[in-house]
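S.K.: Next comes the structure file query.cif, holding mmCIF, C-alpha atoms and all ligand atoms.
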data_query
loop_
_atom_site.label_atom_id
_atom_site.label_comp_id
_atom_site.auth_asym_id
_atom_site.auth_seq_id
_atom_site.Cartn_x
_atom_site.Cartn_y
_atom_site.Cartn_z
CA MET A 1 7.63 8.73 -13.58
CA ALA A 2 4.68 10.74 -12.38
CA ASP A 3 2.23 9.40 -9.82
CA VAL A 4 -0.79 7.86 -11.53
CA ARG A 5 -4.00 6.57 -9.96
CA PRO A 6 -5.52 3.71 -11.87
CA GLY A 7 -8.64 3.60 -9.68
CA SER A 8 -10.63 5.57 -7.12
CA PRO A 9 -9.18 6.24 -3.64
CA THR A 10 -12.64 5.64 -2.13
CA ALA A 11 -13.11 2.30 -3.95
CA PHE A 12 -11.78 0.40 -0.95
CA GLU A 13 -14.82 1.33 1.10
CA ALA A 14 -16.88 -1.24 -0.80
CA LEU A 15 -14.06 -3.80 -0.74
CA VAL A 16 -13.31 -4.01 2.98
CA ASP A 17 -14.12 -7.72 3.40
CA ASP A 18 -11.98 -8.87 0.47
CA TYR A 19 -9.25 -6.40 1.42
CA ASP A 20 -9.08 -7.59 5.01
CA ALA A 21 -9.15 -11.28 4.03
CA ALA A 22 -6.67 -11.38 1.19
CA ARG A 23 -4.22 -8.47 1.06
CA PRO A 24 -0.57 -9.32 1.68
CA SER A 25 1.03 -8.13 4.88
CA TYR A 26 4.63 -6.92 5.08
CA PRO A 27 7.71 -8.92 6.13
CA VAL A 28 9.15 -8.61 9.63
CA ALA A 29 12.45 -7.61 8.00
CA LEU A 30 10.71 -4.45 6.81
CA TYR A 31 9.69 -3.42 10.32
CA ASP A 32 13.16 -4.21 11.60
CA LYS A 33 14.51 -1.53 9.28
CA LEU A 34 12.19 1.22 10.55
CA GLY A 35 14.26 2.10 13.63
CA ASP A 36 12.90 4.03 16.63
CA LEU A 37 9.34 5.07 15.80
CA GLY A 38 8.51 7.11 18.92
CA ASP A 39 5.11 8.78 18.57
CA CYS A 40 3.83 7.44 15.26
CA LEU A 41 1.09 8.60 12.89
CA GLU A 42 -0.06 6.13 10.26
CA LEU A 43 -1.61 7.56 7.09
CA GLY A 44 -4.07 5.54 5.00
CA ALA A 45 -3.99 2.76 7.58
CA GLY A 46 -6.90 0.94 5.98
CA THR A 47 -7.87 -2.22 7.87
CA GLY A 48 -4.71 -2.07 9.98
CA ILE A 49 -2.45 -4.55 8.17
CA ALA A 50 0.68 -2.56 9.09
CA SER A 51 -0.76 -0.99 12.23
CA GLU A 52 -0.57 -4.19 14.24
CA GLU A 53 3.20 -4.46 13.95
CA LEU A 54 3.75 -0.69 14.21
CA ALA A 55 1.81 -0.65 17.49
CA THR A 56 4.23 -3.12 19.04
CA ARG A 57 7.24 -1.01 18.02
CA CYS A 58 6.27 2.59 18.78
CA ARG A 59 5.58 4.67 21.90
CA SER A 60 2.15 5.73 20.66
CA LEU A 61 0.19 5.12 17.48
CA VAL A 62 -2.59 7.12 15.83
CA VAL A 63 -4.17 5.57 12.73
CA THR A 64 -5.88 7.62 10.03
CA ASP A 65 -7.61 6.96 6.72
CA LEU A 66 -9.99 8.82 4.44
CA GLY A 67 -12.25 5.77 4.41
CA PRO A 68 -14.41 5.33 7.53
CA LYS A 69 -15.24 1.70 6.72
CA MET A 70 -11.62 0.70 6.12
CA LEU A 71 -10.53 2.39 9.34
CA ALA A 72 -13.44 0.96 11.34
CA ARG A 73 -12.48 -2.59 10.35
CA GLY A 74 -9.07 -2.22 11.97
CA LEU A 75 -10.55 -0.54 15.00
CA THR A 76 -12.95 -3.43 15.65
CA LYS A 77 -9.86 -5.51 16.44
CA HIS A 78 -7.70 -2.95 18.22
CA ALA A 79 -8.16 0.08 20.42
CA TRP A 80 -5.79 2.50 18.68
CA PRO A 81 -6.93 6.10 18.42
CA GLY A 82 -8.31 6.42 14.89
CA VAL A 83 -9.21 9.55 12.92
CA VAL A 84 -10.99 9.70 9.56
CA CYS A 85 -9.07 12.29 7.56
CA ARG A 86 -7.14 12.81 4.37
CA ALA A 87 -3.34 12.81 4.44
CA GLU A 88 -3.51 16.24 2.79
CA ALA A 89 -5.46 17.81 5.70
CA LEU A 90 -4.35 16.35 9.02
CA PRO A 91 -6.21 17.48 12.15
CA PHE A 92 -3.08 17.52 14.32
CA LYS A 93 -0.91 20.32 15.69
CA GLY A 94 2.49 20.92 14.13
CA SER A 95 5.45 18.91 15.48
CA SER A 96 3.21 16.24 17.06
CA PHE A 97 4.94 13.06 15.81
CA ASP A 98 8.39 11.46 15.53
CA THR A 99 7.30 9.24 12.62
CA VAL A 100 4.69 9.37 9.88
CA THR A 101 4.15 6.12 7.99
CA GLY A 102 2.26 5.17 4.85
CA ALA A 103 1.96 1.53 3.76
CA GLN A 104 0.78 1.02 0.18
CA MET A 105 -0.94 4.41 0.14
CA TRP A 106 1.29 7.39 -0.77
CA HIS A 107 0.50 7.14 -4.49
CA TRP A 108 -3.04 8.24 -3.59
CA VAL A 109 -1.87 11.43 -1.87
CA ASP A 110 -2.05 14.82 -3.60
CA LYS A 111 1.27 16.63 -3.95
CA PRO A 112 2.40 19.07 -2.66
CA ALA A 113 -0.38 19.14 -0.02
CA GLY A 114 0.51 15.67 1.35
CA PRO A 115 4.25 16.22 1.80
CA ILE A 116 3.64 19.66 3.31
CA GLU A 117 1.23 18.17 5.86
CA ALA A 118 3.56 15.29 6.72
CA ARG A 119 6.42 17.75 7.26
CA ARG A 120 4.22 20.05 9.37
CA VAL A 121 3.12 17.36 11.86
CA LEU A 122 6.64 15.88 12.18
CA ARG A 123 9.11 17.09 14.77
CA GLU A 124 12.51 18.36 13.62
CA GLY A 125 14.48 15.29 12.51
CA GLY A 126 11.31 13.18 12.42
CA ARG A 127 10.86 10.64 9.67
CA LEU A 128 8.38 9.90 6.92
CA LEU A 129 8.47 6.16 6.09
CA LEU A 130 6.68 4.86 2.99
CA TRP A 131 6.52 1.35 1.61
CA TRP A 132 4.81 -0.77 -1.00
CA ASN A 133 4.58 -4.46 -1.86
CA GLU A 134 5.30 -5.14 -5.51
CA SER A 135 4.93 -8.49 -7.25
CA LEU A 136 8.12 -9.90 -8.76
CA ALA A 137 6.28 -12.35 -11.03
CA ASP A 138 7.24 -10.60 -14.29
CA GLY A 139 8.06 -13.23 -16.89
CA GLN A 140 5.61 -15.80 -15.49
CA ALA A 141 2.86 -16.32 -18.07
CA TRP A 142 -0.06 -16.15 -15.59
CA TRP A 143 1.16 -12.81 -14.29
CA ASP A 144 2.08 -11.30 -17.66
CA ARG A 145 -1.34 -12.22 -19.08
CA GLN A 146 -3.08 -10.77 -16.03
CA GLN A 147 -1.17 -7.52 -16.52
CA ASP A 148 -1.97 -7.47 -20.27
CA ARG A 149 -5.68 -7.77 -19.43
CA LEU A 150 -5.52 -4.95 -16.89
CA GLU A 151 -3.72 -2.62 -19.30
CA ALA A 152 -6.21 -3.44 -22.04
CA GLY A 153 -9.27 -2.99 -19.81
CA ASN A 154 -8.29 0.05 -17.71
CA SER A 155 -6.77 2.94 -19.68
CA ARG A 156 -5.27 4.42 -16.49
CA TYR A 157 -3.53 1.19 -15.47
CA ARG A 158 -0.03 0.25 -16.52
CA ARG A 159 2.26 -2.29 -14.87
CA GLY A 160 4.82 -0.60 -12.67
CA TYR A 161 2.53 2.40 -12.12
CA ARG A 162 3.99 2.87 -8.65
CA ASP A 163 7.54 2.88 -9.99
CA VAL A 164 8.04 6.50 -8.95
CA ASP A 165 11.23 8.28 -7.80
CA TYR A 166 9.94 9.40 -4.42
CA ASN A 167 13.31 10.91 -3.54
CA ALA A 168 12.87 13.37 -6.39
CA GLN A 169 9.27 13.98 -5.35
CA LEU A 170 10.01 14.65 -1.66
CA GLY A 171 13.55 16.05 -1.68
CA GLN A 172 12.19 19.60 -1.37
CA TRP A 173 10.97 18.93 2.20
CA PHE A 174 13.02 15.98 3.41
CA ASP A 175 16.54 14.56 3.39
CA THR A 176 16.49 11.37 1.36
CA THR A 177 18.17 7.97 1.34
CA PRO A 178 18.09 5.37 -1.45
CA ALA A 179 15.07 3.08 -1.37
CA GLU A 180 15.65 -0.39 0.02
CA ASP A 181 14.10 -3.62 -1.31
CA ILE A 182 13.14 -6.55 0.90
CA PRO A 183 12.31 -9.71 -1.08
CA TRP A 184 9.82 -12.28 0.20
CA GLU A 185 7.07 -14.53 -1.11
CA ARG A 186 3.67 -15.76 -0.12
CA THR A 187 1.62 -18.84 -0.96
CA LEU A 188 -2.16 -18.68 -1.00
CA GLY A 189 -5.08 -20.69 -2.31
CA LEU A 190 -7.05 -19.73 -5.40
CA ASP A 191 -10.07 -18.56 -3.37
CA LEU A 192 -7.97 -16.02 -1.53
CA TYR A 193 -6.11 -15.04 -4.68
CA GLU A 194 -9.47 -14.28 -6.29
CA ARG A 195 -10.47 -12.13 -3.32
CA TRP A 196 -7.14 -10.33 -3.53
CA MET A 197 -7.75 -9.50 -7.18
CA ARG A 198 -11.24 -8.23 -6.35
CA SER A 199 -9.84 -5.97 -3.59
CA LYS A 200 -7.81 -3.90 -6.08
CA SER A 201 -9.27 -0.52 -7.04
CA TYR A 202 -7.99 -0.81 -10.62
CA VAL A 203 -9.64 -4.21 -11.08
CA GLN A 204 -12.94 -2.60 -10.09
CA GLU A 205 -12.43 -0.03 -12.89
CA LEU A 206 -12.52 -2.75 -15.57
CA ASP A 207 -15.55 -2.91 -17.87
CA ASP A 208 -15.92 -6.63 -17.22
CA VAL A 209 -14.56 -7.59 -13.83
CA GLU A 210 -16.01 -11.11 -14.01
CA ALA A 211 -14.34 -11.89 -17.34
CA PHE A 212 -11.02 -10.67 -15.95
CA ILE A 213 -11.38 -12.82 -12.82
CA ALA A 214 -12.40 -15.93 -14.81
CA ALA A 215 -9.52 -15.64 -17.29
CA SER A 216 -6.97 -14.88 -14.58
CA LEU A 217 -8.12 -17.85 -12.48
CA ALA A 218 -7.87 -20.14 -15.51
CA ASP A 219 -4.24 -19.08 -15.99
CA LEU A 220 -3.53 -19.62 -12.30
CA ARG A 221 -5.03 -23.12 -12.35
CA GLU A 222 -2.75 -23.99 -15.25
CA ALA A 223 0.35 -22.53 -13.58
CA PHE A 224 -0.41 -23.92 -10.09
CA PRO A 225 -2.26 -27.26 -10.56
CA ASP A 226 -2.28 -27.88 -6.79
CA GLY A 227 -4.25 -24.64 -6.32
CA GLN A 228 -1.52 -22.96 -4.25
CA VAL A 229 -0.29 -19.75 -5.85
CA VAL A 230 3.31 -18.92 -5.01
CA GLU A 231 3.99 -15.25 -5.64
CA PRO A 232 7.35 -13.54 -5.15
CA PHE A 233 7.29 -9.99 -3.79
CA VAL A 234 9.56 -7.17 -2.92
CA THR A 235 8.66 -4.63 -0.25
CA ARG A 236 10.25 -1.31 -1.25
CA LEU A 237 10.95 1.03 1.66
CA TRP A 238 11.54 4.78 1.30
CA ARG A 239 12.86 6.78 4.27
CA PHE A 240 12.77 10.56 4.57
CA THR A 241 14.04 12.82 7.38
CA ALA A 242 12.40 16.16 8.08
CA ARG A 243 14.75 19.11 7.74
C1 LIG B 301 -4.10 0.18 -0.73
S1 LIG B 301 -4.85 0.73 0.76
C2 LIG B 301 -3.55 0.53 1.98
C3 LIG B 301 -4.10 0.31 3.37
C4 LIG B 301 -3.09 -0.11 4.43
N1 LIG B 301 -2.12 0.92 4.67
C5 LIG B 301 -2.39 -1.40 4.06
O1 LIG B 301 -1.15 -1.46 4.09
O2 LIG B 301 -3.09 -2.38 3.78
C6 LIG B 301 -4.86 2.48 0.53
C7 LIG B 301 -5.58 3.19 1.68
O3 LIG B 301 -5.35 4.58 1.55
C8 LIG B 301 -6.54 5.27 1.81
N2 LIG B 301 -6.41 6.57 1.13
C9 LIG B 301 -6.48 6.83 -0.19
N3 LIG B 301 -6.25 8.12 -0.43
C10 LIG B 301 -6.00 8.71 0.79
C11 LIG B 301 -5.69 10.03 1.20
N4 LIG B 301 -5.57 11.01 0.31
N5 LIG B 301 -5.52 10.25 2.52
C12 LIG B 301 -5.65 9.25 3.43
N6 LIG B 301 -5.94 7.97 3.10
C13 LIG B 301 -6.11 7.70 1.78
C14 LIG B 301 -7.65 4.36 1.29
O4 LIG B 301 -8.88 4.62 1.89
C15 LIG B 301 -7.09 2.99 1.66
O5 LIG B 301 -7.51 2.57 2.95
#
Let me see the file written as structure tokens.
M.R.:
Amino acid sequence: MADVRPGSPTAFEALVDDYDAARPSYPVALYDKLGDLGDCLELGAGTGIASEELATRCRSLVVTDLGPKMLARGLTKHAWPGVVCRAEALPFKGSSFDTVTGAQMWHWVDKPAGPIEARRVLREGGRLLLWWNESLADGQAWWDRQQDRLEAGNSRYRRGYRDVDYNAQLGQWFDTTPAEDIPWERTLGLDLYERWMRSKSYVQELDDVEAFIAASLADLREAFPDGQVVEPFVTRLWRFTAR
């Protein structure tokens, strides 16, 4: 499947508070699979959800994002070097990093400019590591109805839009390995679930965001009468080695 973008890459700038409060993190088992990170460059770091754990596991970390507000939120909490830039135009010398990472962001990156830049700033044998959280709630009525509403209200949205064969996409520049899935789940209250929905760029593209939120919350109340939403996830990790 081709990469599709069901929202605007700059939408997050207006959504920083909801993003920071309600987005899911990534399981420790994911980080344990990343290996030796050395000097690490994080692309599209946003508010720093992955940066915190990366910082404890690498020799050095530089965080980047095209959104100054997203990046600034992470940098209010931590003193990592941060640079506002696009992944397609990195202001770093060639062969500067052992690892380039992208959490929940590579689908926004233009190809081939993004892969060419990632390869350029990586040292020989360096690695590009990309991962995404995906909900595994297919078949649960509250989730299926939420997805139906999104597909009906945003012509660029379809469920599974990030179901892309990144090995095919990046095999020209990198050696590939099969993607790996790490299952996990999180439980959160309805208030936070609402903020999570509002933090999604494709929700903000809907004609009637409030109607979507109200209907989705009604389904969630029915499915989770105690107000605690239990959502199963998989974190899918893709690993690429620079040739
Ligand atoms: C869904 S958020 C992920 C943020 C963070 N990595 C995380 O795991 O929460 C996507 C981020 O990518 C950034 N972004 C979108 N397009 C980009 C691009 N072409 N280059 C760099 N960052 C980009 C957005 O500003 C946003 O902060």
S.K.: Can you check which parts of chain A lie within 6 Å of ligand LIG 301 (chain B)? Per residue, the shortest pair of atoms and distance in Å to one decimal, counting all atoms listed in the file, sorted by chain and number, as CSV.
M.R.:
residue,atom,partner,partner_atom,distance
A:Pro9,CA,B:LIG301,C9,4.4
A:Thr10,CA,B:LIG301,O4,5.6
A:Phe12,CA,B:LIG301,O4,5.9
A:Leu43,CA,B:LIG301,C12,5.7
A:Gly44,CA,B:LIG301,N6,3.6
A:Ala45,CA,B:LIG301,N1,3.9
A:Gly46,CA,B:LIG301,O5,3.5
A:Ile49,CA,B:LIG301,O2,4.9
A:Ala50,CA,B:LIG301,O1,5.4
A:Asp65,CA,B:LIG301,N6,4.1
A:Leu66,CA,B:LIG301,N6,4.3
A:Gly67,CA,B:LIG301,O4,4.4
A:Met70,CA,B:LIG301,O5,5.5
A:Arg86,CA,B:LIG301,N5,3.5
A:Ala87,CA,B:LIG301,N5,3.9
A:Ala103,CA,B:LIG301,N1,4.2
A:Gln104,CA,B:LIG301,C2,4.7
A:Met105,CA,B:LIG301,C6,4.4
A:Trp108,CA,B:LIG301,N3,4.5
A:Val109,CA,B:LIG301,N4,4.3
S.K.: Okay, now the selection with C-alpha atoms, as a PDB file, in the coordinates of the input?
M.R.:
ATOM      1  CA  PRO A   9      -9.180   6.240  -3.640  1.00  0.00           C
ATOM      2  CA  THR A  10     -12.640   5.640  -2.130  1.00  0.00           C
ATOM      3  CA  PHE A  12     -11.780   0.400  -0.950  1.00  0.00           C
ATOM      4  CA  LEU A  43      -1.610   7.560   7.090  1.00  0.00           C
ATOM      5  CA  GLY A  44      -4.070   5.540   5.000  1.00  0.00           C
ATOM      6  CA  ALA A  45      -3.990   2.760   7.580  1.00  0.00           C
ATOM      7  CA  GLY A  46      -6.900   0.940   5.980  1.00  0.00           C
ATOM      8  CA  ILE A  49      -2.450  -4.550   8.170  1.00  0.00           C
ATOM      9  CA  ALA A  50       0.680  -2.560   9.090  1.00  0.00           C
ATOM     10  CA  ASP A  65      -7.610   6.960   6.720  1.00  0.00           C
ATOM     11  CA  LEU A  66      -9.990   8.820   4.440  1.00  0.00           C
ATOM     12  CA  GLY A  67     -12.250   5.770   4.410  1.00  0.00           C
ATOM     13  CA  MET A  70     -11.620   0.700   6.120  1.00  0.00           C
ATOM     14  CA  ARG A  86      -7.140  12.810   4.370  1.00  0.00           C
ATOM     15  CA  ALA A  87      -3.340  12.810   4.440  1.00  0.00           C
ATOM     16  CA  ALA A 103       1.960   1.530   3.760  1.00  0.00           C
ATOM     17  CA  GLN A 104       0.780   1.020   0.180  1.00  0.00           C
ATOM     18  CA  MET A 105      -0.940   4.410   0.140  1.00  0.00           C
ATOM     19  CA  TRP A 108      -3.040   8.240  -3.590  1.00  0.00           C
ATOM     20  CA  VAL A 109      -1.870  11.430  -1.870  1.00  0.00           C
TER      21      VAL A 109
END
S.K.: Could you jot down the atom CA of A:Arg145 to atom CA of A:Ala215 separation for me, Å, one decimal place?
M.R.: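 The value is 9.0 Å.
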S.K.: For a test of reading the model, state the distance in Å between atom CA of A:Pro24 and atom CA of A:Gly189, rounded to one decimal.
M.R.: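 Calculated distance between atom CA of A:Pro24 and atom CA of A:Gly189 is 12.9 Å.
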S.K.: Just the number, please: distance in Å from atom CA of A:Cys85 to atom CA of A:Thr64, one decimal.
M.R.: 6.2 Å
S.K.: Just want the 7 Å neighbourhood of A:Gly94, counted on only C-alpha atoms, with same-chain residues fewer than 4 positions away dropped. Output as a PyMOL selection string.
M.R.: chain A and resi 120-122
